[in-house]
Every structure is written in structure tokens, then in C-alpha cells.
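**Student:** I have a structure here, written as C-alpha cells, and I will follow up with some questions on it.
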Amino acid sequence: MTALTTVSDFPHRLIDDPDVGIVMPDGIRLSARIWRPEGSDAQPVPAVLEYIPYRKRDGTLPRDELMHPYVAGHGYASVRVDMRGNGDSEGLMTDEYTQQEMDDALAVIAWLAEQPWCSGAVGMMGKSWGGFNCLQTAFLRPPALKAVISVCSTTDRFADDVHFKGGCMLGENPGWGAVMLSFSSRPADPALRPDWRADWLRRLEAEPYLAPRWASHQSRDAYWRHGSVCEDWAAIQVPVLSVGGWADNYMNTVGHLMGKQQSVVQGLMGPWVHQYPHTAVPGPQIGFLQVAIRWWDRWLKGIENGAETDPAYRAYMLHSEPPSAAPAFRKGHWVTETAWPSPRVTPEVWPLAPGRLGGQGAPLEMAVNTPQHLGLHTGEYFPMGLNAEMPGDQREDDAMSVCFDSAPLAGGMDLLGRAVLRLRLTSDKPFAQIFARLCDVAPDGSSVRICHGMLNLRHRDSMENPTPVPVGTPFDIELALDEMGYRLAPGHRLRLALSTTYWPFAWPSAEAATLTLQEGSLELPRHSGSTGDEWTPPAPEAAPAWRHRVLRKGAAARRIERNLISGEVSLVIEEDGGDAENLDHGLVSGDTMREVWTIRPDDPLSARVTITYEQRLSRGNWSVRTLAETNLTSESGHLAFTARLQAWEGETPVFDRDFREFVKRDHL
């Protein structure tokens, strides 16, 4: 890992206000923490907004302390706002990316621009949810918003978010439903909200269990089009810096924005998981905050620093190395592109033949019907760290897949962009899915996943209007795999692995379909012309870390269990975050999570997941705790979602609610 340098001496001394009220048009007060330079009342500065539901008082505080004072210390008001119904803000939360959420963002930006310490120019920066609403708010064109930095985000809520991918329902759909049921169940800090208890009980009574709602929208309907900025690429007119990581599953956004957006767009893609690039693994980490300040100086302060002429795309090209589900560092080099699509990328079509990729194509007549537990080495949709959350050695999954291997690559190969798989095939069922993995196979047989793609075959012609899969009749599909930047070493082979299952990354179809491949090809984005680093990023820097005391250390485990009696295979994930005390305001926080994903290799309807998530808050004699338990099981015609949310004040139960909902399998 690249060492993070702590910076405490900034050009500006700071004012840090932990609870500034921003009142919405309907009277709801949102709580903001604002860092800004001393003297900004007399000499106003631009504002940079991060607007998310993850609790500034305890949830994201460790990362906030690294980032926001750094930005403010360089002459900005850095503003961290809790969304309504979360953290220390009033109101209730009903869903993600709602119109109310967007209306509040517009009101916050207008409020910031009117403050005496603000110059009237506002930027937005955020990761994940915050990266989404950066783009969604820019889409609405508030006059004070001048630029955004969007990290690990999407332009299409159906195609590239945690719910569906290629029309396949992701395991992260019930997973994220469990997370939000737990995250949003916590109260405001009594030190800031004397009405915390009444407000907390209102939150608990109104708390939605969102996973069934998301699962019920099984096509790209109006629900998903709302908040998808790809609906009108011309709507965003401010400069956008889009940042992503190859180890995250939001890697397609950078290419989408650069290829479609009509405003100034620059892309930055590193080796990282779902974190900001100055702290993310695997390394190398970069000076993301320096890059951000350069962006804000140009677009919020109007400083002619040449940021607009920086490379359109800066991407870290990963190099071949042994597989690891928790690499602290990935070998590679930085490439820079003047435009996207890049003139240095040439499409190259490799035909398929039985067992072979490239060379002379041939009729296939190969059946694909893979065991239901294939995919256990896939990793998380958005890995966060080093708890074996990234794809590990793919050999076990490859052995259960239908594979096509190239000959050993004498000179190696550079790939940058999206591979496109084209197949002619038949199905024996009206519901079927296909999954494709592109892997780097070393001479010792180890297999590293480069990228993957998936398609619910009912969506083969349209994400908006799915149709039954033809039974026994040949049909053609085109499947674009995810973006990649990868250099295969000489002597390695490129492998295309196909399967009809991908557990628990994607939820299985109700019946195990057999697909018969007839012919196919793979189009590869061959990159040429790079030999070594074409960009040298600044070294990572940040403000001092939060002052805290660890009261109880955390622990994590990730294991595969096989029941030799029932035949069930389970992926068990345990993450205990421990407990820590904030030494500035005394709040103690902690959480514990356990997931169990279980399936039988021969039965898709045996799929089930149970997730248990506990949240803890305390200070002195005051303490609260919530426990969210969620379950998803399968039937042939529906998905059964159940959940239970409980809350305690001290040792006294104050809330207990059960949820139960059945979702019809229209296209699953």
C-alpha cells in the first residue's frame, strides 16, 4: 500500500460547526457539519457538498475527518449533510433516490449559495449513493452547481446498480435491503437532538423494508428510469470528474459518461474497491484530494490551472499476477487517453470453437447447465476492503463452467474497454440466464477473473420489455462484459468461461435451464502503444484521522461450508466492527453483521439467504441497539421476503415489527 501522508498545516485555519440547521421548504431541518476557513464571512469561498444517508456523527465520520478539513483548508466550505430521516436530520426516509431526496438537494444547494460565507459557487462530491446524487442533482441543473466529482456511481439504475444487472436480480438486492433496514434504524445523537427519542420511534414506525419493492420491478420501467441520468445525456451541463475502480462493480460509469456526456468529462480509473482512492485497496492509492482540489480550483474558483486539458481518461492497467481475494496491492501501470473511445483501442474478433478461443471458428453444439453453487469465488458486488471480498482463484468455478481457452499468448496482450460476446444458442426453458467470465490463466493453471457479464435471456432484445425465452428455437444474443484494463503476461492464456448460474452474485432462475451453444465469437478491445506509466499521480494525503479509542476490537470471517447430509453449500460472511468511542464528543458506536447464503447444487429453489445486522450506540448511561433480521427464499412462482426489526433503549424493548411480502416472478 502507498503510505498516506497526514497534513495538518493548511493554507487556511478552520471553523468546524458540527450541527448547522438547513430548513427545507416543508419545514424539515437537515443537519449539516460545515468546515470552512476563518475569515470566510468577510472573504466568501465556494462550497463543496457531500449529501448522503450514512450518518456524519458516527457512520462516515472516520472518512469525513480525513477529507472535509483537507478541502476546507484549501479555501472551501466543505459541507457534509445527513439526508432527511437519517443521522441527525429530521423527517422520514422512504426509498433511495426519491424526488424528495432530489428536491432537498436543490434546496441545500440554494441555501449554501446564499450564505454570507459562500461565494455563490457550489460543487458536489460523493461516493456510491453520494456519487449517484451528484449526477442526479447536476441533471436537474440548479444554477449554483458548477461542477461535480462522482466516485463509484452509475448512470443507469437498472443496468449498473446493486439490484439488477443484465436483467438478472443480484444477490445484493436482498443484501442492500438488509443494510438499509439496519442503517436507517438508528436514532439521532441526543447531544444534538433533545427530541431524539420521539423522532427515533417515528423513524422505526415508518421504516421501509425495500428489498421486495426493488425486486418487484423486474424490467427497466419508470421506477428505474427515475434517477438514471442516461435518460438524457444532454441534461448535465457542468464539468464532471468520474472516478471508479476495477475491483468495484461500478466500473462502467466512467466509460459511459466519457462516451455519451456532452459537457466536460474526465475519467479516472484505478485498481480500487468501493472506496475513495486515497485510502482504497488494492494499491497503489493516489492523492485523490489533490486531484479534487485542482478540479475545484478550476471550476469553482476559476483559476486557470489547466485542469480542463488534463487527459480525458487516466486508467491503471492491471498486470498478470497470482490470484488473491484480498490483495493489498496490484501491479500495473497508468495509461492516459486523449479521448474515449480511445484511438489506441482496436476491436478484434476471436471466434469460438469447442474448447478453443481464437483461431478458426467451428460449430459448437455444446450444452451449458451448471451447478447452482457455481460462483462462490466471485466476491462482493462492492468490496470495501481486505476481508476476501474480491474475486479469488477461479479454477473451481472454471471447472464447473464451459470454457474456451486461447493458445498461450506469445507476446502477451493489453485490453482496455469492454469485450462483447455474441452467441447463437437454444434453450429448453422459457426462463434462463447466462454468465460470462473473462479470465487470465497462468501456466500453473491458476485463474484470475479480469471481468464478467451476465444476461437474463428474457431481456435479450430489451431491458424495458422482456419476452419469454424461445424454447428449442435458435436465437442470437449480444452480451457486453464490464469495462476492463488489463495486461496479460506472455505465456498466459485468455479464458472465456460460460455458466447458467452465478451464486450468490445473482439469484437463480426458478428452473435449471440447459442452453445449447451453436456458434459464437468474442470481440476484444485490444490496446496498443503503452509501455509504462504515462501519468504520475500525486501521493495520497489527508487531514488527521479522527480521535477515538477502541473499546472492543472487530473481527471478520468468510468461509464456504458444505453439509454432507443435505448436500447444501453455504457461503458464510461474518463482520464484527467492534466498538469505538469518539474522543471529541463521547459517542460510542459499533455494529455486527452475519450473512448466510445457502443453496443445493441440484435445486435452484433451495436458494435462501439470511442476514442479521446489529447496530449499537451509547454514551455514559444512555444506550440504544437495533437488530435487523432479513430472509429471502424461493418458490417457483414467487420470491418470499421476510424481515424483523427490533430496537432497545438500554435493556428495554421499544420496538418490534415483522415484515412479510411475496413478489411474483414475472421475469425471474
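By order of appearance in the C-alpha cells: chains A, B, ..., then residues from 1 within every chain, and ligands from 1 in the order shown.
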At a cut-off of 9 Å, using only C-alpha atoms, what residues contact Gly453 in chain A? Leave out same-chain residues fewer than 3 positions from it and give the result as a ChimeraX atom specification.

**Tutor:** /A:165-166,434-438,479-482

**Student:** Please identify which residues in range 47-260 of chain A DSSP calls strand (DSSP E) from the backbone, and express them as a ChimeraX atom specification.

**Tutor:** /A:47-52,77-82,118-127,145-151,164-165,168-169,240-245

**Student:** Can you tell me which residues surround His256 in chain A at a distance of at most 9 Å, considering only C-alpha atoms, apart from same-chain residues fewer than 6 positions away, and format the answer as JSON, numbers by chain?

**Tutor:** {"A": [154, 155, 230]}

**Student:** Save out the residues we just selected, N, CA, C and O atoms, as a PDB file, in the first residue's frame.

**Tutor:**
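part_19.pdb, freshly written:
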```pdb
ATOM      1  N   THR A 154     -23.339   5.351 -10.880  1.00  0.00           N
ATOM      2  CA  THR A 154     -23.910   4.785 -12.099  1.00  0.00           C
ATOM      3  C   THR A 154     -24.707   5.838 -12.849  1.00  0.00           C
ATOM      4  O   THR A 154     -25.153   6.833 -12.267  1.00  0.00           O
ATOM      5  N   THR A 155     -24.898   5.590 -14.121  1.00  0.00           N
ATOM      6  CA  THR A 155     -25.764   6.430 -14.945  1.00  0.00           C
ATOM      7  C   THR A 155     -27.100   5.748 -15.224  1.00  0.00           C
ATOM      8  O   THR A 155     -28.012   6.376 -15.743  1.00  0.00           O
ATOM      9  N   CYS A 230     -28.780   8.622 -17.757  1.00  0.00           N
ATOM     10  CA  CYS A 230     -28.660   8.242 -19.168  1.00  0.00           C
ATOM     11  C   CYS A 230     -29.943   8.513 -19.947  1.00  0.00           C
ATOM     12  O   CYS A 230     -29.948   8.420 -21.184  1.00  0.00           O
TER      13      CYS A 230
END
```

**Student:** Could you list, as a PyMOL selection string, every residue within 9 Å of Phe164 in chain A, counting only C-alpha atoms and ignoring same-chain residues fewer than 6 positions away?

**Tutor:** chain A and resi 157-158+170-173+215+218-219+506

**Student:** What is the CA of His492 in chain A to CA of Asp405 in chain A distance in Å?

**Tutor:**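 Taking CA of His492 in chain A and CA of Asp405 in chain A, their separation equals 10.2 Å.
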
**Student:** Given the choices A:Gly375, A:Pro383, A:Pro490, A:Pro174, which gets closest to Val441 in chain A if the distance is worked out from only C-alpha atoms?

**Tutor:** A:Pro490

**Student:** Quick one: residues within 12 Å of range 11-13 of chain A, only C-alpha atoms counted, chain neighbours fewer than 2 positions away excluded, as a list of chain:residue names?

**Tutor:**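 My list of contacting residues is A:Val7, A:Ser8, A:Asp9, A:Ile15, A:Asp16, A:Trp35, A:Arg36, A:Pro37, A:Glu38, A:Gly39, A:Ser40, A:Gln43, A:Val45, A:Pro69, A:Tyr70, A:Val71, A:Ala72, A:Gly73, A:His74, A:Gly75, A:Tyr76, A:Ala77.
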
**Student:** Could you write out that same residue set with C-alpha atoms as a PDB file, in the first residue's frame?

**Tutor:**
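That gives us again09.pdb:
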```pdb
ATOM      1  CA  VAL A   7      -1.372  17.011   6.587  1.00  0.00           C
ATOM      2  CA  SER A   8      -2.319  19.306   9.453  1.00  0.00           C
ATOM      3  CA  ASP A   9      -0.877  22.625   8.260  1.00  0.00           C
ATOM      4  CA  ILE A  15     -14.081  26.769  11.728  1.00  0.00           C
ATOM      5  CA  ASP A  16     -15.767  23.390  12.394  1.00  0.00           C
ATOM      6  CA  TRP A  35     -15.821  23.094   7.873  1.00  0.00           C
ATOM      7  CA  ARG A  36     -14.855  26.499   6.443  1.00  0.00           C
ATOM      8  CA  PRO A  37     -11.936  28.929   6.556  1.00  0.00           C
ATOM      9  CA  GLU A  38     -11.708  31.544   9.264  1.00  0.00           C
ATOM     10  CA  GLY A  39     -12.497  34.899   7.703  1.00  0.00           C
ATOM     11  CA  SER A  40     -14.838  33.436   5.085  1.00  0.00           C
ATOM     12  CA  GLN A  43     -13.985  36.761   2.099  1.00  0.00           C
ATOM     13  CA  VAL A  45     -15.423  30.872  -0.577  1.00  0.00           C
ATOM     14  CA  PRO A  69     -10.981  19.524   6.657  1.00  0.00           C
ATOM     15  CA  TYR A  70      -8.444  18.974   3.864  1.00  0.00           C
ATOM     16  CA  VAL A  71     -10.783  20.502   1.277  1.00  0.00           C
ATOM     17  CA  ALA A  72     -11.784  23.340   3.615  1.00  0.00           C
ATOM     18  CA  GLY A  73      -8.157  24.023   4.473  1.00  0.00           C
ATOM     19  CA  HIS A  74      -7.557  24.829   0.808  1.00  0.00           C
ATOM     20  CA  GLY A  75     -10.148  27.592   0.751  1.00  0.00           C
ATOM     21  CA  TYR A  76     -13.578  25.967   0.569  1.00  0.00           C
ATOM     22  CA  ALA A  77     -16.612  25.471   2.772  1.00  0.00           C
TER      23      ALA A  77
END
```

**Student:** Residues of range 477-546 of chain A within 12 Å of range 261-285 of chain A: nearest atom pair and distance (Å, one decimal) for each, counting only C-alpha atoms, sorted by chain and number, as a tab-separated table?

**Tutor:**
```
residue	atom	partner	partner_atom	distance
A:Glu483	CA	A:Met269	CA	10.2
A:Met484	CA	A:Met269	CA	9.7
A:Gly485	CA	A:Met269	CA	8.9
A:Tyr486	CA	A:Pro271	CA	10.3
A:Trp535	CA	A:Leu268	CA	11.1
A:Thr536	CA	A:Pro284	CA	11.2
A:Pro537	CA	A:Gln285	CA	9.1
A:Pro538	CA	A:Gln285	CA	9.3
A:Ala539	CA	A:Gln285	CA	7.5
A:Pro540	CA	A:His278	CA	5.1
A:Glu541	CA	A:His278	CA	6.9
A:Ala542	CA	A:His278	CA	7.8
A:Ala543	CA	A:His278	CA	11.3
A:Ala545	CA	A:Thr279	CA	11.9
```

**Student:** Please produce a file of the residues just selected, as a PDB file, in the first residue's frame, where the atoms kept are N, CA, C and O atoms.

**Tutor:**
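Result saved to selection36.pdb:
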```pdb
ATOM      1  N   GLU A 483     -16.306  -3.142 -18.239  1.00  0.00           N
ATOM      2  CA  GLU A 483     -15.054  -2.481 -18.620  1.00  0.00           C
ATOM      3  C   GLU A 483     -13.871  -3.143 -17.915  1.00  0.00           C
ATOM      4  O   GLU A 483     -13.984  -3.636 -16.785  1.00  0.00           O
ATOM      5  N   MET A 484     -12.734  -3.121 -18.597  1.00  0.00           N
ATOM      6  CA  MET A 484     -11.517  -3.698 -18.013  1.00  0.00           C
ATOM      7  C   MET A 484     -10.302  -2.928 -18.508  1.00  0.00           C
ATOM      8  O   MET A 484     -10.318  -2.288 -19.564  1.00  0.00           O
ATOM      9  N   GLY A 485      -9.250  -2.994 -17.726  1.00  0.00           N
ATOM     10  CA  GLY A 485      -7.940  -2.505 -18.120  1.00  0.00           C
ATOM     11  C   GLY A 485      -6.932  -3.529 -17.641  1.00  0.00           C
ATOM     12  O   GLY A 485      -6.687  -3.645 -16.432  1.00  0.00           O
ATOM     13  N   TYR A 486      -6.336  -4.313 -18.555  1.00  0.00           N
ATOM     14  CA  TYR A 486      -5.598  -5.496 -18.114  1.00  0.00           C
ATOM     15  C   TYR A 486      -4.507  -5.853 -19.117  1.00  0.00           C
ATOM     16  O   TYR A 486      -4.730  -5.832 -20.335  1.00  0.00           O
ATOM     17  N   TRP A 535       1.230   8.573 -16.634  1.00  0.00           N
ATOM     18  CA  TRP A 535       0.796   9.578 -15.659  1.00  0.00           C
ATOM     19  C   TRP A 535       1.389   9.212 -14.318  1.00  0.00           C
ATOM     20  O   TRP A 535       1.421   8.037 -13.936  1.00  0.00           O
ATOM     21  N   THR A 536       1.876  10.216 -13.613  1.00  0.00           N
ATOM     22  CA  THR A 536       2.373  10.005 -12.257  1.00  0.00           C
ATOM     23  C   THR A 536       1.436  10.729 -11.302  1.00  0.00           C
ATOM     24  O   THR A 536       1.470  11.959 -11.195  1.00  0.00           O
ATOM     25  N   PRO A 537       0.564  10.001 -10.609  1.00  0.00           N
ATOM     26  CA  PRO A 537      -0.389  10.665  -9.719  1.00  0.00           C
ATOM     27  C   PRO A 537       0.307  11.212  -8.480  1.00  0.00           C
ATOM     28  O   PRO A 537       1.366  10.713  -8.080  1.00  0.00           O
ATOM     29  N   PRO A 538      -0.278  12.230  -7.864  1.00  0.00           N
ATOM     30  CA  PRO A 538       0.285  12.700  -6.593  1.00  0.00           C
ATOM     31  C   PRO A 538       0.138  11.631  -5.517  1.00  0.00           C
ATOM     32  O   PRO A 538      -0.757  10.787  -5.573  1.00  0.00           O
ATOM     33  N   ALA A 539       1.026  11.680  -4.534  1.00  0.00           N
ATOM     34  CA  ALA A 539       0.967  10.719  -3.432  1.00  0.00           C
ATOM     35  C   ALA A 539      -0.227  11.024  -2.536  1.00  0.00           C
ATOM     36  O   ALA A 539      -0.638  12.184  -2.397  1.00  0.00           O
ATOM     37  N   PRO A 540      -0.823   9.995  -1.923  1.00  0.00           N
ATOM     38  CA  PRO A 540      -2.034  10.212  -1.112  1.00  0.00           C
ATOM     39  C   PRO A 540      -1.764  11.057   0.131  1.00  0.00           C
ATOM     40  O   PRO A 540      -0.799  10.821   0.860  1.00  0.00           O
ATOM     41  N   GLU A 541      -2.652  12.023   0.351  1.00  0.00           N
ATOM     42  CA  GLU A 541      -2.620  12.883   1.527  1.00  0.00           C
ATOM     43  C   GLU A 541      -4.010  12.964   2.128  1.00  0.00           C
ATOM     44  O   GLU A 541      -5.015  12.727   1.443  1.00  0.00           O
ATOM     45  N   ALA A 542      -4.074  13.321   3.406  1.00  0.00           N
ATOM     46  CA  ALA A 542      -5.359  13.508   4.072  1.00  0.00           C
ATOM     47  C   ALA A 542      -5.138  14.313   5.340  1.00  0.00           C
ATOM     48  O   ALA A 542      -4.010  14.469   5.822  1.00  0.00           O
ATOM     49  N   ALA A 543      -6.235  14.837   5.872  1.00  0.00           N
ATOM     50  CA  ALA A 543      -6.205  15.523   7.155  1.00  0.00           C
ATOM     51  C   ALA A 543      -6.018  14.500   8.280  1.00  0.00           C
ATOM     52  O   ALA A 543      -6.125  13.285   8.053  1.00  0.00           O
ATOM     53  N   ALA A 545      -6.525  11.872  11.244  1.00  0.00           N
ATOM     54  CA  ALA A 545      -7.595  10.899  11.493  1.00  0.00           C
ATOM     55  C   ALA A 545      -8.411  11.295  12.720  1.00  0.00           C
ATOM     56  O   ALA A 545      -7.974  12.089  13.561  1.00  0.00           O
TER      57      ALA A 545
END
```

**Student:** Within 7 Å of Ala640 in chain A, counting only C-alpha atoms, which residues show up once you throw out same-chain ones fewer than 5 positions away? Write them as a list in words, please.

**Tutor:**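 Contacts, in chain order: Leu632, Thr633, Ser634, Glu661, Phe662 and Val663 of chain A.
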
**Student:** Fewer than 4 positions away in the same chain doesn't count, so skip those; otherwise give me all residues within 12 Å of Thr336 in chain A, counting only C-alpha atoms, as a PDB file with N, CA and C atoms, in the first residue's frame.

**Tutor:**
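Produced file out-v4.pdb, reproduced below:
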```
ATOM      1  N   GLN A 266     -14.048  14.088 -17.448  1.00  0.00           N
ATOM      2  CA  GLN A 266     -12.788  13.367 -17.358  1.00  0.00           C
ATOM      3  C   GLN A 266     -13.004  12.110 -16.530  1.00  0.00           C
ATOM      4  N   GLY A 267     -12.269  11.056 -16.887  1.00  0.00           N
ATOM      5  CA  GLY A 267     -12.391   9.780 -16.194  1.00  0.00           C
ATOM      6  C   GLY A 267     -11.098   9.393 -15.514  1.00  0.00           C
ATOM      7  N   LEU A 268     -11.220   8.765 -14.347  1.00  0.00           N
ATOM      8  CA  LEU A 268     -10.069   8.286 -13.585  1.00  0.00           C
ATOM      9  C   LEU A 268     -10.423   6.908 -13.041  1.00  0.00           C
ATOM     10  N   MET A 269      -9.697   5.882 -13.484  1.00  0.00           N
ATOM     11  CA  MET A 269      -9.999   4.502 -13.098  1.00  0.00           C
ATOM     12  C   MET A 269      -8.748   3.849 -12.520  1.00  0.00           C
ATOM     13  N   GLY A 270      -8.855   3.403 -11.258  1.00  0.00           N
ATOM     14  CA  GLY A 270      -7.725   2.760 -10.604  1.00  0.00           C
ATOM     15  C   GLY A 270      -8.013   1.313 -10.261  1.00  0.00           C
ATOM     16  N   ASP A 310      -6.210  18.300 -18.782  1.00  0.00           N
ATOM     17  CA  ASP A 310      -5.680  17.029 -18.297  1.00  0.00           C
ATOM     18  C   ASP A 310      -6.214  15.898 -19.173  1.00  0.00           C
ATOM     19  N   PRO A 311      -5.563  14.740 -19.188  1.00  0.00           N
ATOM     20  CA  PRO A 311      -6.033  13.647 -20.049  1.00  0.00           C
ATOM     21  C   PRO A 311      -7.514  13.343 -19.828  1.00  0.00           C
ATOM     22  N   ALA A 312      -8.212  13.064 -20.921  1.00  0.00           N
ATOM     23  CA  ALA A 312      -9.632  12.745 -20.813  1.00  0.00           C
ATOM     24  C   ALA A 312      -9.848  11.509 -19.942  1.00  0.00           C
ATOM     25  N   TYR A 313      -8.907  10.563 -20.004  1.00  0.00           N
ATOM     26  CA  TYR A 313      -9.056   9.305 -19.275  1.00  0.00           C
ATOM     27  C   TYR A 313      -7.695   8.892 -18.741  1.00  0.00           C
ATOM     28  N   ARG A 314      -7.634   8.674 -17.434  1.00  0.00           N
ATOM     29  CA  ARG A 314      -6.439   8.137 -16.784  1.00  0.00           C
ATOM     30  C   ARG A 314      -6.837   6.800 -16.167  1.00  0.00           C
ATOM     31  N   ALA A 315      -6.216   5.733 -16.638  1.00  0.00           N
ATOM     32  CA  ALA A 315      -6.616   4.389 -16.199  1.00  0.00           C
ATOM     33  C   ALA A 315      -5.395   3.583 -15.798  1.00  0.00           C
ATOM     34  N   TYR A 316      -5.545   2.824 -14.726  1.00  0.00           N
ATOM     35  CA  TYR A 316      -4.488   1.943 -14.249  1.00  0.00           C
ATOM     36  C   TYR A 316      -4.702   0.576 -14.891  1.00  0.00           C
ATOM     37  N   MET A 317      -3.759   0.159 -15.729  1.00  0.00           N
ATOM     38  CA  MET A 317      -3.868  -1.128 -16.406  1.00  0.00           C
ATOM     39  C   MET A 317      -3.247  -2.209 -15.518  1.00  0.00           C
ATOM     40  N   TRP A 340     -12.277   9.193 -25.531  1.00  0.00           N
ATOM     41  CA  TRP A 340     -12.882   7.885 -25.315  1.00  0.00           C
ATOM     42  C   TRP A 340     -14.133   7.768 -26.165  1.00  0.00           C
ATOM     43  N   SER A 342     -10.975   5.285 -27.193  1.00  0.00           N
ATOM     44  CA  SER A 342      -9.592   5.646 -27.469  1.00  0.00           C
ATOM     45  C   SER A 342      -9.180   5.236 -28.874  1.00  0.00           C
ATOM     46  N   PRO A 343      -8.429   6.095 -29.566  1.00  0.00           N
ATOM     47  CA  PRO A 343      -7.897   5.698 -30.877  1.00  0.00           C
ATOM     48  C   PRO A 343      -6.849   4.596 -30.769  1.00  0.00           C
ATOM     49  N   ARG A 344      -6.373   4.320 -29.550  1.00  0.00           N
ATOM     50  CA  ARG A 344      -5.380   3.248 -29.374  1.00  0.00           C
ATOM     51  C   ARG A 344      -6.028   1.887 -29.122  1.00  0.00           C
ATOM     52  N   LEU A 416      -8.266  -2.800 -22.995  1.00  0.00           N
ATOM     53  CA  LEU A 416      -8.828  -1.617 -22.355  1.00  0.00           C
ATOM     54  C   LEU A 416     -10.186  -1.334 -22.983  1.00  0.00           C
ATOM     55  N   GLY A 485      -9.250  -2.994 -17.726  1.00  0.00           N
ATOM     56  CA  GLY A 485      -7.940  -2.505 -18.120  1.00  0.00           C
ATOM     57  C   GLY A 485      -6.932  -3.529 -17.641  1.00  0.00           C
ATOM     58  N   HIS A 527      -5.608  -2.962 -26.860  1.00  0.00           N
ATOM     59  CA  HIS A 527      -4.967  -1.658 -26.650  1.00  0.00           C
ATOM     60  C   HIS A 527      -3.501  -1.752 -27.053  1.00  0.00           C
ATOM     61  N   SER A 528      -2.990  -0.696 -27.656  1.00  0.00           N
ATOM     62  CA  SER A 528      -1.598  -0.706 -28.103  1.00  0.00           C
ATOM     63  C   SER A 528      -0.930   0.623 -27.767  1.00  0.00           C
ATOM     64  N   GLY A 529       0.375   0.583 -27.662  1.00  0.00           N
ATOM     65  CA  GLY A 529       1.131   1.825 -27.565  1.00  0.00           C
ATOM     66  C   GLY A 529       1.614   2.211 -26.192  1.00  0.00           C
ATOM     67  N   SER A 530       1.212   1.491 -25.143  1.00  0.00           N
ATOM     68  CA  SER A 530       1.688   1.873 -23.809  1.00  0.00           C
ATOM     69  C   SER A 530       2.785   0.915 -23.372  1.00  0.00           C
ATOM     70  N   THR A 531       3.838   1.471 -22.784  1.00  0.00           N
ATOM     71  CA  THR A 531       4.950   0.648 -22.314  1.00  0.00           C
ATOM     72  C   THR A 531       5.127   0.756 -20.802  1.00  0.00           C
ATOM     73  N   GLY A 532       4.857   1.915 -20.248  1.00  0.00           N
ATOM     74  CA  GLY A 532       4.979   2.135 -18.810  1.00  0.00           C
ATOM     75  C   GLY A 532       4.079   3.281 -18.405  1.00  0.00           C
ATOM     76  N   ASP A 533       4.298   3.824 -17.216  1.00  0.00           N
ATOM     77  CA  ASP A 533       3.429   4.869 -16.696  1.00  0.00           C
ATOM     78  C   ASP A 533       3.407   6.095 -17.600  1.00  0.00           C
ATOM     79  N   GLU A 534       2.204   6.503 -17.978  1.00  0.00           N
ATOM     80  CA  GLU A 534       2.004   7.722 -18.763  1.00  0.00           C
ATOM     81  C   GLU A 534       1.459   8.866 -17.899  1.00  0.00           C
ATOM     82  N   TRP A 535       1.230   8.573 -16.634  1.00  0.00           N
ATOM     83  CA  TRP A 535       0.796   9.578 -15.659  1.00  0.00           C
ATOM     84  C   TRP A 535       1.389   9.212 -14.318  1.00  0.00           C
ATOM     85  N   THR A 536       1.876  10.216 -13.613  1.00  0.00           N
ATOM     86  CA  THR A 536       2.373  10.005 -12.257  1.00  0.00           C
ATOM     87  C   THR A 536       1.436  10.729 -11.302  1.00  0.00           C
ATOM     88  N   PRO A 537       0.564  10.001 -10.609  1.00  0.00           N
ATOM     89  CA  PRO A 537      -0.389  10.665  -9.719  1.00  0.00           C
ATOM     90  C   PRO A 537       0.307  11.212  -8.480  1.00  0.00           C
TER      91      PRO A 537
END
```

**Student:** Run DSSP on the backbone and tell me which residues of range 251-438 of chain A come out as alpha helix (DSSP H); list them as a list in words.

**Tutor:**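 The alpha helix (DSSP H) subset of range 251-438 of chain A is Thr253, Val254, Gly255, His256, Leu257, Met258, Gly259, Lys260, Phe288, Leu289, Gln290, Val291, Ala292, Ile293, Arg294, Trp295, Trp296, Asp297, Arg298, Trp299, Arg395, Glu396, Asp397, Asp398, Ala399 and Met400 of chain A.
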
**Student:** Between A:Ser427, A:Thr98, A:Thr253, A:Gln136, which has the minimum distance to Asp232 in chain A (counting only C-alpha atoms)?

**Tutor:**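 Checking each candidate against Asp232 in chain A, we get A:Gln136 as the closest.
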